[in-house]
>>> print(open('structure08.cif').read())   # mmCIF, C-alpha atoms and all ligand atoms
data_my_file
loop_
_atom_site.label_atom_id
_atom_site.label_comp_id
_atom_site.auth_asym_id
_atom_site.auth_seq_id
_atom_site.Cartn_x
_atom_site.Cartn_y
_atom_site.Cartn_z
CA MET A 1 1.90 18.39 35.72
CA LEU A 2 -1.83 17.92 35.31
CA LEU A 3 -3.18 14.38 34.95
CA ASP A 4 -6.57 14.00 33.29
CA VAL A 5 -8.16 11.24 35.34
CA GLN A 6 -10.99 9.58 33.44
CA PHE A 7 -13.90 8.69 35.74
CA ASP A 8 -16.10 6.28 33.79
CA GLY A 9 -19.60 5.30 34.81
CA LEU A 10 -19.80 1.58 35.47
CA VAL A 11 -22.96 0.37 33.70
CA GLY A 12 -25.54 -1.01 36.14
CA PRO A 13 -27.23 -4.42 36.24
CA THR A 14 -30.59 -2.99 35.09
CA HIS A 15 -29.27 -1.14 32.01
CA ASN A 16 -32.32 -0.55 29.81
CA TYR A 17 -33.87 1.45 26.97
CA ALA A 18 -36.88 3.55 27.96
CA GLY A 19 -36.98 6.24 25.27
CA LEU A 20 -36.91 8.98 27.90
CA SER A 21 -34.75 11.64 26.27
CA ARG A 22 -36.64 13.78 23.78
CA GLY A 23 -34.10 15.45 21.53
CA ASN A 24 -31.72 12.47 21.81
CA VAL A 25 -32.41 10.55 18.62
CA ALA A 26 -30.88 7.24 19.70
CA SER A 27 -32.81 7.20 22.99
CA THR A 28 -36.19 7.84 21.38
CA THR A 29 -35.48 5.35 18.57
CA HIS A 30 -34.62 2.46 20.89
CA GLY A 31 -37.18 2.96 23.68
CA GLY A 32 -38.71 -0.41 24.64
CA ALA A 33 -35.98 -2.52 22.99
CA THR A 34 -34.37 -5.45 24.79
CA SER A 35 -31.14 -4.40 26.50
CA HIS A 36 -28.09 -6.47 27.42
CA PRO A 37 -26.73 -5.30 30.80
CA HIS A 38 -23.88 -7.84 30.87
CA ALA A 39 -22.63 -6.86 27.41
CA ALA A 40 -23.13 -3.17 28.21
CA ALA A 41 -20.97 -3.35 31.33
CA ARG A 42 -18.29 -5.44 29.62
CA GLN A 43 -18.14 -2.93 26.72
CA GLY A 44 -17.65 -0.11 29.23
CA LEU A 45 -14.94 -2.06 31.07
CA ALA A 46 -13.17 -2.78 27.77
CA LYS A 47 -12.94 0.97 27.20
CA MET A 48 -11.57 1.52 30.70
CA ARG A 49 -8.95 -1.19 30.07
CA MET A 50 -7.93 0.44 26.79
CA VAL A 51 -7.50 3.84 28.47
CA HIS A 52 -5.62 2.33 31.40
CA ASP A 53 -3.33 0.45 28.99
CA LEU A 54 -2.62 3.76 27.21
CA GLY A 55 -1.11 5.01 30.47
CA VAL A 56 -3.93 7.46 31.28
CA PRO A 57 -5.17 7.38 34.90
CA GLN A 58 -8.55 5.64 35.00
CA ALA A 59 -11.17 5.55 37.74
CA PHE A 60 -14.87 4.73 37.92
CA LEU A 61 -18.13 5.71 39.58
CA PRO A 62 -20.26 2.75 40.68
CA PRO A 63 -23.77 2.31 39.27
CA MET A 64 -26.73 3.91 41.00
CA GLU A 65 -29.39 1.72 42.52
CA ARG A 66 -32.13 1.25 39.93
CA PRO A 67 -35.07 0.92 40.30
CA ASP A 68 -34.79 3.86 42.68
CA LEU A 69 -37.41 3.08 45.29
CA ALA A 70 -37.08 6.54 46.88
CA THR A 71 -38.34 8.14 43.63
CA LEU A 72 -41.38 5.85 43.64
CA ARG A 73 -42.12 6.40 47.34
CA ALA A 74 -41.77 10.17 46.93
CA GLU A 75 -44.75 9.99 44.55
CA GLY A 76 -46.89 8.44 47.28
CA LEU A 77 -46.51 4.73 46.52
CA CYS A 78 -46.31 2.72 49.73
CA GLY A 79 -46.05 -0.80 51.12
CA ASP A 80 -43.02 -3.08 50.92
CA ASP A 81 -40.66 -2.82 47.95
CA ALA A 82 -42.50 -5.51 45.95
CA ALA A 83 -45.83 -3.74 46.49
CA VAL A 84 -44.37 -0.38 45.45
CA LEU A 85 -42.92 -1.90 42.26
CA ALA A 86 -46.19 -3.66 41.43
CA ALA A 87 -48.24 -0.49 41.94
CA ALA A 88 -45.79 1.54 39.85
CA ALA A 89 -45.91 -0.99 36.99
CA ARG A 90 -49.70 -1.13 37.11
CA GLU A 91 -50.62 2.52 37.64
CA HIS A 92 -47.56 4.65 36.84
CA PRO A 93 -45.46 3.03 34.10
CA ALA A 94 -43.85 6.35 33.10
CA LEU A 95 -42.77 6.96 36.70
CA LEU A 96 -41.34 3.44 36.94
CA ALA A 97 -39.35 4.00 33.74
CA ARG A 98 -37.88 7.18 35.22
CA ALA A 99 -36.96 5.42 38.44
CA CYS A 100 -35.20 2.67 36.46
CA SER A 101 -33.21 4.78 34.01
CA ALA A 102 -29.70 3.66 33.14
CA SER A 103 -28.68 7.29 32.64
CA SER A 104 -26.19 7.73 35.50
CA MET A 105 -23.68 5.67 33.48
CA TRP A 106 -22.94 8.81 31.36
CA THR A 107 -20.68 10.51 33.85
CA ALA A 108 -19.82 13.36 31.46
CA ASN A 109 -23.11 14.72 32.82
CA ALA A 110 -22.28 14.12 36.48
CA ALA A 111 -20.46 17.37 37.19
CA THR A 112 -18.24 20.23 36.07
CA VAL A 113 -14.71 20.06 37.47
CA THR A 114 -12.03 22.76 37.68
CA PRO A 115 -8.41 21.85 38.43
CA SER A 116 -6.64 23.56 41.30
CA CYS A 117 -4.16 25.27 38.95
CA ASP A 118 -7.00 27.21 37.27
CA SER A 119 -8.91 28.50 40.32
CA THR A 120 -7.86 31.60 42.22
CA ASP A 121 -8.05 29.77 45.57
CA GLY A 122 -5.82 26.94 44.27
CA LYS A 123 -8.44 24.25 44.98
CA VAL A 124 -10.19 21.62 42.87
CA HIS A 125 -13.84 22.68 42.42
CA VAL A 126 -16.70 20.31 41.64
CA THR A 127 -20.35 21.18 40.91
CA GLY A 128 -22.71 18.23 40.50
CA ALA A 129 -25.09 18.80 37.57
CA ASN A 130 -28.77 19.33 38.40
CA LEU A 131 -29.88 17.75 35.08
CA VAL A 132 -33.26 19.44 35.51
CA SER A 133 -34.22 19.30 31.87
CA LYS A 134 -35.03 15.58 32.03
CA ALA A 135 -37.09 14.15 34.91
CA HIS A 136 -35.31 10.77 34.78
CA ARG A 137 -31.91 12.47 35.10
CA ALA A 138 -32.87 15.06 37.74
CA ILE A 139 -33.00 12.24 40.33
CA GLU A 140 -29.26 11.52 39.97
CA GLY A 141 -28.07 14.58 41.95
CA PRO A 142 -27.92 13.36 45.58
CA MET A 143 -26.18 10.07 44.75
CA THR A 144 -23.76 11.78 42.35
CA ALA A 145 -22.84 14.20 45.14
CA LYS A 146 -22.25 11.33 47.54
CA LEU A 147 -20.05 9.43 45.06
CA LEU A 148 -17.96 12.47 44.10
CA ARG A 149 -17.49 13.58 47.71
CA THR A 150 -16.33 10.07 48.62
CA ALA A 151 -14.03 9.70 45.60
CA LEU A 152 -12.54 13.22 45.79
CA PRO A 153 -12.47 14.09 49.51
CA PHE A 154 -9.97 16.93 49.03
CA ALA A 155 -12.07 18.96 46.53
CA VAL A 156 -14.47 21.85 47.16
CA HIS A 157 -17.90 20.37 46.40
CA HIS A 158 -20.55 22.95 45.47
CA PRO A 159 -24.24 22.04 45.68
CA PRO A 160 -25.98 21.60 42.31
CA LEU A 161 -27.44 24.84 40.95
CA PRO A 162 -31.09 25.59 41.83
CA ALA A 163 -33.41 23.08 40.19
CA ASP A 164 -35.29 25.61 38.08
CA GLY A 165 -35.55 26.45 34.40
CA ALA A 166 -33.09 29.31 34.79
CA HIS A 167 -30.21 27.08 35.87
CA GLY A 168 -30.39 23.99 33.63
CA ASP A 169 -26.97 22.38 34.00
CA GLU A 170 -25.74 19.25 32.21
CA GLY A 171 -22.23 19.09 33.66
CA ALA A 172 -19.08 18.54 31.65
CA ALA A 173 -20.95 17.56 28.46
CA ASN A 174 -21.09 21.30 27.73
CA HIS A 175 -17.65 22.20 29.09
CA THR A 176 -14.18 21.76 27.55
CA ARG A 177 -10.81 22.72 29.01
CA LEU A 178 -8.09 23.53 26.47
CA GLN A 179 -4.47 24.28 27.25
CA THR A 180 -1.28 25.29 25.48
CA GLU A 181 2.00 26.75 26.75
CA GLU A 182 0.42 30.18 26.25
CA GLY A 183 -2.85 29.81 28.03
CA VAL A 184 -5.83 27.91 29.38
CA VAL A 185 -9.43 28.15 28.23
CA HIS A 186 -12.60 26.86 29.79
CA LEU A 187 -15.09 26.73 26.95
CA PHE A 188 -18.68 26.69 28.24
CA ALA A 189 -21.32 26.01 25.58
CA TRP A 190 -24.90 26.94 26.42
CA GLY A 191 -28.13 26.37 24.48
CA VAL A 192 -30.53 28.97 25.87
CA ASP A 193 -30.24 32.42 27.45
CA ASN A 194 -33.40 33.16 29.41
CA ASP A 195 -32.15 36.69 30.14
CA ASP A 196 -31.91 37.64 26.48
CA PRO A 197 -35.29 37.61 24.71
CA ASP A 198 -33.53 38.16 21.36
CA ALA A 199 -31.18 35.15 21.63
CA LEU A 200 -31.86 32.44 19.07
CA LYS A 201 -33.63 29.33 20.35
CA PRO A 202 -34.07 25.83 18.93
CA ALA A 203 -37.53 25.32 17.42
CA ARG A 204 -37.99 21.56 17.77
CA PHE A 205 -36.19 20.39 20.90
CA GLU A 206 -35.52 22.17 24.17
CA ALA A 207 -31.96 23.31 24.91
CA ARG A 208 -30.70 21.73 28.12
CA GLN A 209 -27.87 24.05 29.25
CA THR A 210 -28.65 27.66 30.17
CA ARG A 211 -26.16 30.50 29.87
CA LEU A 212 -26.80 31.46 33.47
CA ALA A 213 -25.82 27.97 34.67
CA SER A 214 -22.52 28.06 32.77
CA ALA A 215 -21.69 31.58 33.98
CA THR A 216 -22.60 30.75 37.59
CA ILE A 217 -20.31 27.70 37.63
CA ALA A 218 -17.40 29.64 36.10
CA GLN A 219 -17.76 32.18 38.90
CA ALA A 220 -18.31 29.72 41.76
CA HIS A 221 -15.23 27.76 40.66
CA GLN A 222 -13.18 30.97 40.87
CA LEU A 223 -11.97 30.70 37.30
CA ARG A 224 -9.87 33.62 36.15
CA ALA A 225 -12.03 35.76 33.83
CA GLN A 226 -9.52 35.63 30.99
CA CYS A 227 -9.81 31.79 30.91
CA VAL A 228 -13.57 31.72 30.47
CA VAL A 229 -15.23 31.65 27.04
CA LEU A 230 -19.02 31.37 26.95
CA VAL A 231 -20.48 30.40 23.58
CA GLN A 232 -23.89 29.58 22.18
CA GLN A 233 -24.60 26.16 20.71
CA HIS A 234 -26.21 26.39 17.29
CA PRO A 235 -29.99 26.01 17.73
CA ALA A 236 -30.18 24.19 14.38
CA ALA A 237 -27.70 21.63 15.69
CA ILE A 238 -29.81 21.08 18.83
CA ASP A 239 -32.82 20.58 16.57
CA ALA A 240 -30.82 17.98 14.58
CA GLY A 241 -30.16 15.93 17.75
CA VAL A 242 -27.11 17.64 19.28
CA PHE A 243 -28.64 17.62 22.77
CA HIS A 244 -25.23 18.14 24.40
CA ASN A 245 -22.31 20.05 22.93
CA ASP A 246 -20.09 16.95 23.23
CA VAL A 247 -22.10 15.44 20.36
CA ILE A 248 -20.55 18.02 18.01
CA SER A 249 -17.14 18.90 19.43
CA VAL A 250 -14.41 17.40 21.57
CA GLY A 251 -11.24 19.05 22.81
CA GLN A 252 -8.20 18.17 24.85
CA GLY A 253 -4.98 20.10 25.39
CA ALA A 254 -4.26 22.08 22.22
CA LEU A 255 -6.59 20.11 19.96
CA LEU A 256 -10.26 20.81 19.19
CA LEU A 257 -12.31 18.66 16.83
CA VAL A 258 -15.40 20.63 15.92
CA HIS A 259 -18.16 20.79 13.32
CA GLU A 260 -18.55 24.16 11.60
CA ARG A 261 -22.20 24.26 12.72
CA ALA A 262 -21.50 23.59 16.40
CA PHE A 263 -21.90 27.20 17.49
CA VAL A 264 -23.93 30.22 16.39
CA ASP A 265 -20.64 31.90 15.51
CA THR A 266 -18.02 29.17 15.08
CA PRO A 267 -15.41 31.44 13.39
CA GLY A 268 -15.77 33.93 16.26
CA VAL A 269 -15.35 31.12 18.83
CA LEU A 270 -12.19 29.85 17.11
CA GLU A 271 -10.78 33.36 17.04
CA ALA A 272 -11.43 33.85 20.77
CA LEU A 273 -9.72 30.53 21.49
CA ALA A 274 -6.73 31.33 19.26
CA ASP A 275 -6.34 34.68 21.05
CA ARG A 276 -5.93 32.96 24.37
CA LEU A 277 -4.15 29.77 23.32
CA GLY A 278 -1.74 31.15 20.73
CA LYS A 279 -0.20 29.47 17.72
CA ALA A 280 -0.15 25.99 19.25
CA PHE A 281 -3.97 25.86 19.26
CA ARG A 282 -5.03 23.31 16.66
CA PRO A 283 -8.71 23.37 15.61
CA LEU A 284 -9.79 20.64 13.20
CA VAL A 285 -12.99 22.01 11.70
CA VAL A 286 -15.32 19.65 9.83
CA THR A 287 -17.53 21.28 7.22
CA GLU A 288 -21.15 20.41 6.49
CA ALA A 289 -19.99 19.33 3.02
CA ALA A 290 -17.55 16.82 4.53
CA LEU A 291 -20.04 15.53 7.12
CA ALA A 292 -23.64 16.66 7.63
CA VAL A 293 -24.70 17.42 11.21
CA ASP A 294 -27.15 14.51 11.20
CA GLU A 295 -24.30 12.16 10.20
CA ALA A 296 -22.26 13.55 13.07
CA VAL A 297 -25.22 12.63 15.30
CA SER A 298 -25.68 9.11 13.90
CA THR A 299 -21.96 8.21 13.97
CA TYR A 300 -21.01 10.15 17.15
CA LEU A 301 -17.65 11.07 15.61
CA PHE A 302 -17.34 14.10 17.93
CA ASN A 303 -18.26 12.02 20.95
CA SER A 304 -15.04 10.07 20.52
CA GLN A 305 -12.76 10.14 23.55
CA LEU A 306 -9.71 12.31 22.94
CA LEU A 307 -6.71 11.52 25.13
CA HIS A 308 -3.31 13.11 25.43
CA THR A 309 -0.86 10.24 25.93
CA ALA A 310 2.91 9.77 25.87
CA GLU A 311 2.65 8.85 22.16
CA GLY A 312 0.51 11.91 21.29
CA TYR A 313 -3.24 12.39 20.85
CA VAL A 314 -5.27 9.18 20.75
CA LEU A 315 -8.90 9.11 19.61
CA ILE A 316 -11.17 6.31 20.84
CA CYS A 317 -14.14 6.22 18.47
CA PRO A 318 -17.37 4.27 18.54
CA ALA A 319 -17.37 1.50 15.89
CA GLN A 320 -19.98 3.52 13.94
CA VAL A 321 -17.16 5.88 12.88
CA ALA A 322 -15.31 3.05 11.09
CA ALA A 323 -18.51 1.89 9.40
CA HIS A 324 -19.31 5.28 7.81
CA ALA A 325 -17.23 6.32 4.78
CA SER A 326 -16.99 10.06 5.59
CA THR A 327 -16.09 9.67 9.27
CA ALA A 328 -13.63 6.86 8.52
CA ALA A 329 -11.95 9.15 5.96
CA LEU A 330 -11.82 12.09 8.39
CA VAL A 331 -10.06 10.18 11.18
CA GLN A 332 -7.66 8.65 8.64
CA GLN A 333 -6.84 12.12 7.37
CA TRP A 334 -6.23 13.48 10.90
CA GLN A 335 -3.92 10.58 11.58
CA ALA A 336 -2.09 10.93 8.25
CA GLN A 337 -1.44 14.63 8.82
CA GLY A 338 -0.01 13.88 12.27
CA ASP A 339 -2.73 15.41 14.48
CA LEU A 340 -3.62 12.03 15.92
CA ALA A 341 -1.00 9.47 16.89
CA ARG A 342 -3.52 6.68 17.03
CA VAL A 343 -7.19 5.94 16.37
CA GLU A 344 -9.02 3.08 18.09
CA MET A 345 -12.51 1.77 17.34
CA LEU A 346 -14.64 0.25 20.09
CA ASP A 347 -17.96 -1.54 20.14
CA LEU A 348 -20.09 0.47 22.58
CA GLN A 349 -23.37 -0.48 20.98
CA GLU A 350 -25.31 -0.90 24.24
CA SER A 351 -24.51 2.65 25.33
CA MET A 352 -24.82 4.11 21.83
CA ARG A 353 -28.41 2.88 21.60
CA ASN A 354 -29.26 5.32 24.39
CA GLY A 355 -27.25 8.18 22.86
CA GLY A 356 -24.09 7.66 24.91
CA GLY A 357 -20.72 7.43 23.13
CA PRO A 358 -17.16 7.09 24.47
CA ALA A 359 -16.98 10.71 25.69
CA CYS A 360 -20.37 10.51 27.45
CA LEU A 361 -19.11 7.59 29.49
CA ARG A 362 -16.31 9.55 31.16
CA LEU A 363 -15.92 12.57 33.42
CA ARG A 364 -12.51 14.20 33.17
CA VAL A 365 -11.05 15.15 36.54
CA PRO A 366 -7.76 17.02 36.01
CA LEU A 367 -5.56 16.56 39.09
CA SER A 368 -1.99 17.12 40.20
CA ALA A 369 0.06 14.00 40.98
CA ASP A 370 -0.34 14.77 44.67
CA GLU A 371 -4.14 15.11 44.39
CA LEU A 372 -4.33 11.87 42.42
CA LYS A 373 -2.81 10.06 45.41
CA GLN A 374 -5.70 11.36 47.53
CA VAL A 375 -8.44 9.87 45.31
CA HIS A 376 -10.29 7.15 47.27
CA PRO A 377 -8.46 3.95 46.22
CA GLY A 378 -11.73 2.02 45.82
CA PHE A 379 -12.60 4.19 42.83
CA ARG A 380 -9.22 3.80 41.08
CA ILE A 381 -8.75 1.36 38.20
CA ASP A 382 -5.73 -0.84 37.58
CA GLY A 383 -5.29 -4.22 35.88
CA PRO A 384 -6.30 -6.39 38.88
CA THR A 385 -9.31 -4.13 39.60
CA LEU A 386 -10.48 -4.55 36.00
CA ASP A 387 -10.17 -8.34 36.35
CA ARG A 388 -12.20 -8.21 39.57
CA LEU A 389 -14.87 -5.96 38.07
CA GLU A 390 -15.22 -8.20 35.01
CA ALA A 391 -15.68 -11.26 37.21
CA TRP A 392 -18.21 -9.33 39.31
CA VAL A 393 -20.19 -8.36 36.17
CA ASP A 394 -20.05 -11.98 34.92
CA ARG A 395 -21.43 -13.19 38.25
CA TRP A 396 -24.32 -10.74 38.71
CA TYR A 397 -25.52 -9.16 35.44
CA PRO A 398 -28.51 -10.36 33.39
CA ARG A 399 -27.62 -11.22 29.78
CA ALA A 400 -30.87 -9.69 28.46
CA LEU A 401 -33.55 -7.47 29.93
CA ASP A 402 -36.99 -6.45 28.70
CA PRO A 403 -38.68 -3.31 30.08
CA ALA A 404 -41.31 -5.53 31.76
CA ASP A 405 -38.57 -7.23 33.84
CA LEU A 406 -37.87 -3.97 35.68
CA ALA A 407 -40.84 -4.42 38.03
CA ASP A 408 -39.61 -7.85 39.14
CA PRO A 409 -38.73 -7.66 42.87
CA THR A 410 -36.17 -10.46 42.41
CA LEU A 411 -34.23 -8.25 39.99
CA LEU A 412 -34.16 -5.48 42.62
CA GLU A 413 -32.96 -7.94 45.24
CA THR A 414 -30.22 -9.38 43.01
CA SER A 415 -29.09 -5.88 41.97
CA ARG A 416 -28.79 -4.86 45.61
CA GLU A 417 -26.75 -7.99 46.39
CA ALA A 418 -24.50 -7.11 43.46
CA LEU A 419 -23.99 -3.51 44.60
CA ASP A 420 -23.35 -4.70 48.16
CA ALA A 421 -20.70 -7.11 46.84
CA LEU A 422 -19.14 -4.26 44.83
CA THR A 423 -18.82 -1.83 47.73
CA SER A 424 -17.27 -4.45 49.98
CA MET A 425 -14.95 -5.70 47.20
CA GLN A 426 -13.73 -2.12 46.64
CA ASP A 427 -13.78 -1.11 50.32
CA MET A 428 -16.02 1.83 49.51
CA GLY A 429 -18.09 1.76 52.70
CA ASN A 430 -21.90 1.88 52.62
CA LEU A 431 -22.71 4.11 49.66
CA TYR A 432 -26.30 3.06 48.97
CA PRO A 433 -29.47 3.96 50.91
CA PHE A 434 -30.44 0.26 51.10
CA GLN A 435 -27.21 -0.45 53.00
CA HIS A 436 -28.23 1.82 55.89
O1 LIG A 501 -29.13 12.44 28.82
N1 LIG A 501 -29.62 9.22 27.52
C1 LIG A 501 -28.71 10.25 27.98
C2 LIG A 501 -27.44 10.22 27.16
C3 LIG A 501 -26.40 11.12 27.75
C4 LIG A 501 -25.24 11.30 26.85
N2 LIG A 501 -24.27 12.11 27.48
C5 LIG A 501 -23.50 13.04 26.86
N3 LIG A 501 -23.76 13.44 25.63
N4 LIG A 501 -22.55 13.57 27.51
C6 LIG A 501 -29.37 11.63 27.92
O2 LIG A 501 -30.09 11.88 26.96
C7 LIG A 501 -31.58 7.80 27.64
C8 LIG A 501 -32.30 7.00 28.67
C9 LIG A 501 -33.42 6.19 28.08
O3 LIG A 501 -34.07 6.64 27.16
O4 LIG A 501 -33.64 5.07 28.58
C10 LIG A 501 -30.67 8.87 28.24
O5 LIG A 501 -30.96 9.37 29.30
#
>>> encode(input="structure08.cif", output="C-alpha cells", more="lines below")
Ligand code: SUG
Amino acid sequence: MLLDVQFDGLVGPTHNYAGLSRGNVASTTHGGATSHPHAAARQGLAKMRMVHDLGVPQAFLPPMERPDLATLRAEGLCGDDAAVLAAAAREHPALLARACSASSMWTANAATVTPSCDSTDGKVHVTGANLVSKAHRAIEGPMTAKLLRTALPFAVHHPPLPADGAHGDEGAANHTRLQTEEGVVHLFAWGVDNDDPDALKPARFEARQTRLASATIAQAHQLRAQCVVLVQQHPAAIDAGVFHNDVISVGQGALLLVHERAFVDTPGVLEALADRLGKAFRPLVVTEAALAVDEAVSTYLFNSQLLHTAEGYVLICPAQVAAHASTAALVQQWQAQGDLARVEMLDLQESMRNGGGPACLRLRVPLSADELKQVHPGFRIDGPTLDRLEAWVDRWYPRALDPADLADPTLLETSREALDALTSMQDMGNLYPFQH
C-alpha cells in the first residue's frame, strides 16, 4: 500500500512579506506589511497536528537560513556578516529582500516525486525544482537538495533541470498523481511551450512551468508513458493570478477538484483522465458561474489540502473558504453528496498573505511502508515532536517583524542559534552552511 507522506515546510524565524512574486496577487498586495513569524510557524504546526491526528503520515522540512549570506556575498558584498547586511540594506535593498525571502516554506514547490511503484526501475525518484522564474526562489535549490537527500536517503535524487528559460520547473505545484483500481495518472500542467510558437501564452503575467520541464521530469523519473498526461494551464487563469496549477485544481486518489477554466481544454483533460482511471474517477468541476476564477484565487478553495484517510476524503481549507458564500456552499455540497467525509477550516493567514495555502505548504511523498521506515527520523512528525517544535518556536521566534528588521545582525545571530538548536534537537546533523 502507498502512504502519502506530507512533508510540510516549517516556517522560519524571519518569515516576511516582500512583494516579490509578480503574478501572485497576495504576495504583491502584502509586500512591506508587518509579518508575524511566531504566529506563522504555529499556524503551520497546527496544520501538521491536524494531519497527523487524521492518521496521515506527517513529516517536515526545516526552514532555510534567511537572510542567506551566500546570496549577498555572491553579488560581491564583503566584510563580516554585519557589514554585508548593512551594505545590502543601504545599497541593494532588492537583493536583500531576495536573500531574506520566506518562500522555502511552500514545499509543494520543492520537488517532483514519483513513487517506486510507478517507475520502471522500481525506485522513488525526486527532482528538486529549479524555480528559475523568480530570482528569490531560484536560490532555494542547493539547500532543498541537501534536505531531501538527507530526509530520503533511499531515493534517486536527480539534479534540478538546467536553470534556463526553457526548463522552468516549479515542482509538485504543477503535478498531480491520481489513482484508481484501474490505473494511475501523473497529470503535469504546464504554462508555456517554448517549442511551439503557436501555443497560447498569458498576456499579463509570465507562466512559470514550461512543457519541456514537465516532459523531461516524466522521462527522467521513468514513468510509464501511459501514466503521463501533459496539459496546458489556461493562460487566462494565469493572468487572473493562477501562478501555479494548484491554485485552481487539487487531486488525490480518485478525486479531482477542478475549475472549468483550469486548462485550455478542460473537457479533453477530463476525458483523458477518465480513459485511464475508469469509472471510479470522480471529477468535481466548478463552473465560472458557481465561482469566478478570481474568487478561486482570493479564497484559495482549490489550494485546500485533500487527504485520503480511513474515514474517506478530508479537505483542509483555508478559513477564507468558510468566509465566502460560494466556496462555503461548494464544500458543503461536496460533503452532503458524500464525496468528502469531512471538511476542516484552518487559519493560515500568515502564509495566505504571501499566496501560500494549505496545499502549498506540503510536498506529497508517496512511499511504501518499508520506504517510510527509511525516512530520516529527525524529519518525521509525531505528537511529542509537535510539542517540542511548538516549544522551540515559542522560545526563538519574533512575534512581529518589519522589513527593516531583516538587516539587523542580531536577528541573523538569533535565527542561527534557533536553527542550531533545531538540528541538535532533531538529531539532523549539521545541515546549514553556518554550522560548518
Ligand atoms: O512562489 N510566494 C510564493 C507562494 C508559493 C505558493 N506555492 C504553491 N502555489 N504551491 C510564490 O509566489 C512570496 C514571497 C514574498 O513576496 O515575500 C512568494 O514567494
>>> residues_around(input="structure08.cif", residues="His308 in chain A", least_positions_apart="4", cutoff="10 Å", atoms="only C-alpha atoms", output="PDB file with C-alpha atoms, keeping the file's coordinate frame")
ATOM      1  CA  LEU A   3      -3.180  14.380  34.950  1.00  0.00           C
ATOM      2  CA  ASP A   4      -6.570  14.000  33.290  1.00  0.00           C
ATOM      3  CA  LEU A  54      -2.620   3.760  27.210  1.00  0.00           C
ATOM      4  CA  GLY A  55      -1.110   5.010  30.470  1.00  0.00           C
ATOM      5  CA  VAL A  56      -3.930   7.460  31.280  1.00  0.00           C
ATOM      6  CA  GLN A 252      -8.200  18.170  24.850  1.00  0.00           C
ATOM      7  CA  GLY A 253      -4.980  20.100  25.390  1.00  0.00           C
ATOM      8  CA  ALA A 254      -4.260  22.080  22.220  1.00  0.00           C
ATOM      9  CA  LEU A 255      -6.590  20.110  19.960  1.00  0.00           C
ATOM     10  CA  GLY A 312       0.510  11.910  21.290  1.00  0.00           C
ATOM     11  CA  TYR A 313      -3.240  12.390  20.850  1.00  0.00           C
ATOM     12  CA  VAL A 314      -5.270   9.180  20.750  1.00  0.00           C
ATOM     13  CA  LEU A 315      -8.900   9.110  19.610  1.00  0.00           C
ATOM     14  CA  LEU A 340      -3.620  12.030  15.920  1.00  0.00           C
ATOM     15  CA  ALA A 341      -1.000   9.470  16.890  1.00  0.00           C
TER      16      ALA A 341
END
>>> residues_around(input="structure08.cif", residues="Leu412 in chain A", least_positions_apart="5", cutoff="10 Å", atoms="only C-alpha atoms", output="number ranges by chain")
A: 13-14, 65-69, 81-82, 85, 405-407, 417-418
>>> atom_distance(input="structure08.cif", atom1="CA of Ala328 in chain A", atom2="CA of Leu307 in chain A")
18.6 Å
>>> atom_distance(input="structure08.cif", atom1="CA of Leu372 in chain A", atom2="CA of Arg137 in chain A")
28.5 Å
>>> closest_atom_pairs(input="structure08.cif", of="chain A", to="ligand LIG 501 (chain A)", cutoff="6 Å", atoms="all atoms listed in the file", output="CSV")
residue,atom,partner,partner_atom,distance
A:Asn16,CA,A:LIG501,O4,5.9
A:Tyr17,CA,A:LIG501,O4,4.0
A:Ala18,CA,A:LIG501,O4,3.6
A:Gly19,CA,A:LIG501,O3,3.5
A:Leu20,CA,A:LIG501,O3,3.8
A:Ser21,CA,A:LIG501,O2,4.7
A:Asn24,CA,A:LIG501,O2,5.4
A:Ser27,CA,A:LIG501,O3,4.4
A:Gly31,CA,A:LIG501,O3,5.9
A:Ser101,CA,A:LIG501,O4,5.5
A:Ser103,CA,A:LIG501,O5,4.5
A:Trp106,CA,A:LIG501,N2,5.3
A:Ala108,CA,A:LIG501,N4,4.8
A:Asn109,CA,A:LIG501,N4,5.5
A:Ala173,CA,A:LIG501,N4,4.4
A:His244,CA,A:LIG501,N3,5.1
A:Asp246,CA,A:LIG501,N3,5.6
A:Val247,CA,A:LIG501,N3,5.9
A:Asn354,CA,A:LIG501,C7,4.7
A:Gly355,CA,A:LIG501,C2,4.8
A:Gly356,CA,A:LIG501,C4,4.3
A:Cys360,CA,A:LIG501,N4,3.8
>>> write_last_selection(input="structure08.cif", atoms="C-alpha atoms", output="compact mmCIF listing (two decimals), in the frame of the given file")
# COMPACT_ATOMS: atom_id res chain seq x y z
CA ASN A 16 -32.32 -0.55 29.81
CA TYR A 17 -33.87 1.45 26.97
CA ALA A 18 -36.88 3.55 27.96
CA GLY A 19 -36.98 6.24 25.27
CA LEU A 20 -36.91 8.98 27.90
CA SER A 21 -34.75 11.64 26.27
CA ASN A 24 -31.72 12.47 21.81
CA SER A 27 -32.81 7.20 22.99
CA GLY A 31 -37.18 2.96 23.68
CA SER A 101 -33.21 4.78 34.01
CA SER A 103 -28.68 7.29 32.64
CA TRP A 106 -22.94 8.81 31.36
CA ALA A 108 -19.82 13.36 31.46
CA ASN A 109 -23.11 14.72 32.82
CA ALA A 173 -20.95 17.56 28.46
CA HIS A 244 -25.23 18.14 24.40
CA ASP A 246 -20.09 16.95 23.23
CA VAL A 247 -22.10 15.44 20.36
CA ASN A 354 -29.26 5.32 24.39
CA GLY A 355 -27.25 8.18 22.86
CA GLY A 356 -24.09 7.66 24.91
CA CYS A 360 -20.37 10.51 27.45
>>> closest_residue(input="structure08.cif", among="A:Arg90, A:Arg98, A:Lys201, A:Lys47", to="Ala70 in chain A", atoms="all atoms listed in the file")
A:Arg98
>>> residues_near_point(input="structure08.cif", point="(-3.0, 15.6, 42.4)", cutoff="10 Å", atoms="all atoms listed in the file", output="PyMOL selection string")
chain A and resi 1-5+115-116+124+154+365-375
>>> closest_residue(input="structure08.cif", among="A:Ile248, A:Ala138, A:Ala319, A:Ala155", to="Thr266 in chain A", atoms="all atoms listed in the file")
A:Ile248
>>> residues_near_point(input="structure08.cif", point="(-31.9, 18.8, 17.9)", cutoff="10 Å", atoms="only C-alpha atoms", output="list of chain:residue names")
A:Arg22, A:Gly23, A:Asn24, A:Val25, A:Pro202, A:Ala203, A:Arg204, A:Phe205, A:Glu206, A:Ala207, A:His234, A:Pro235, A:Ala236, A:Ala237, A:Ile238, A:Asp239, A:Ala240, A:Gly241, A:Val242, A:Phe243, A:His244, A:Val293, A:Asp294, A:Val297
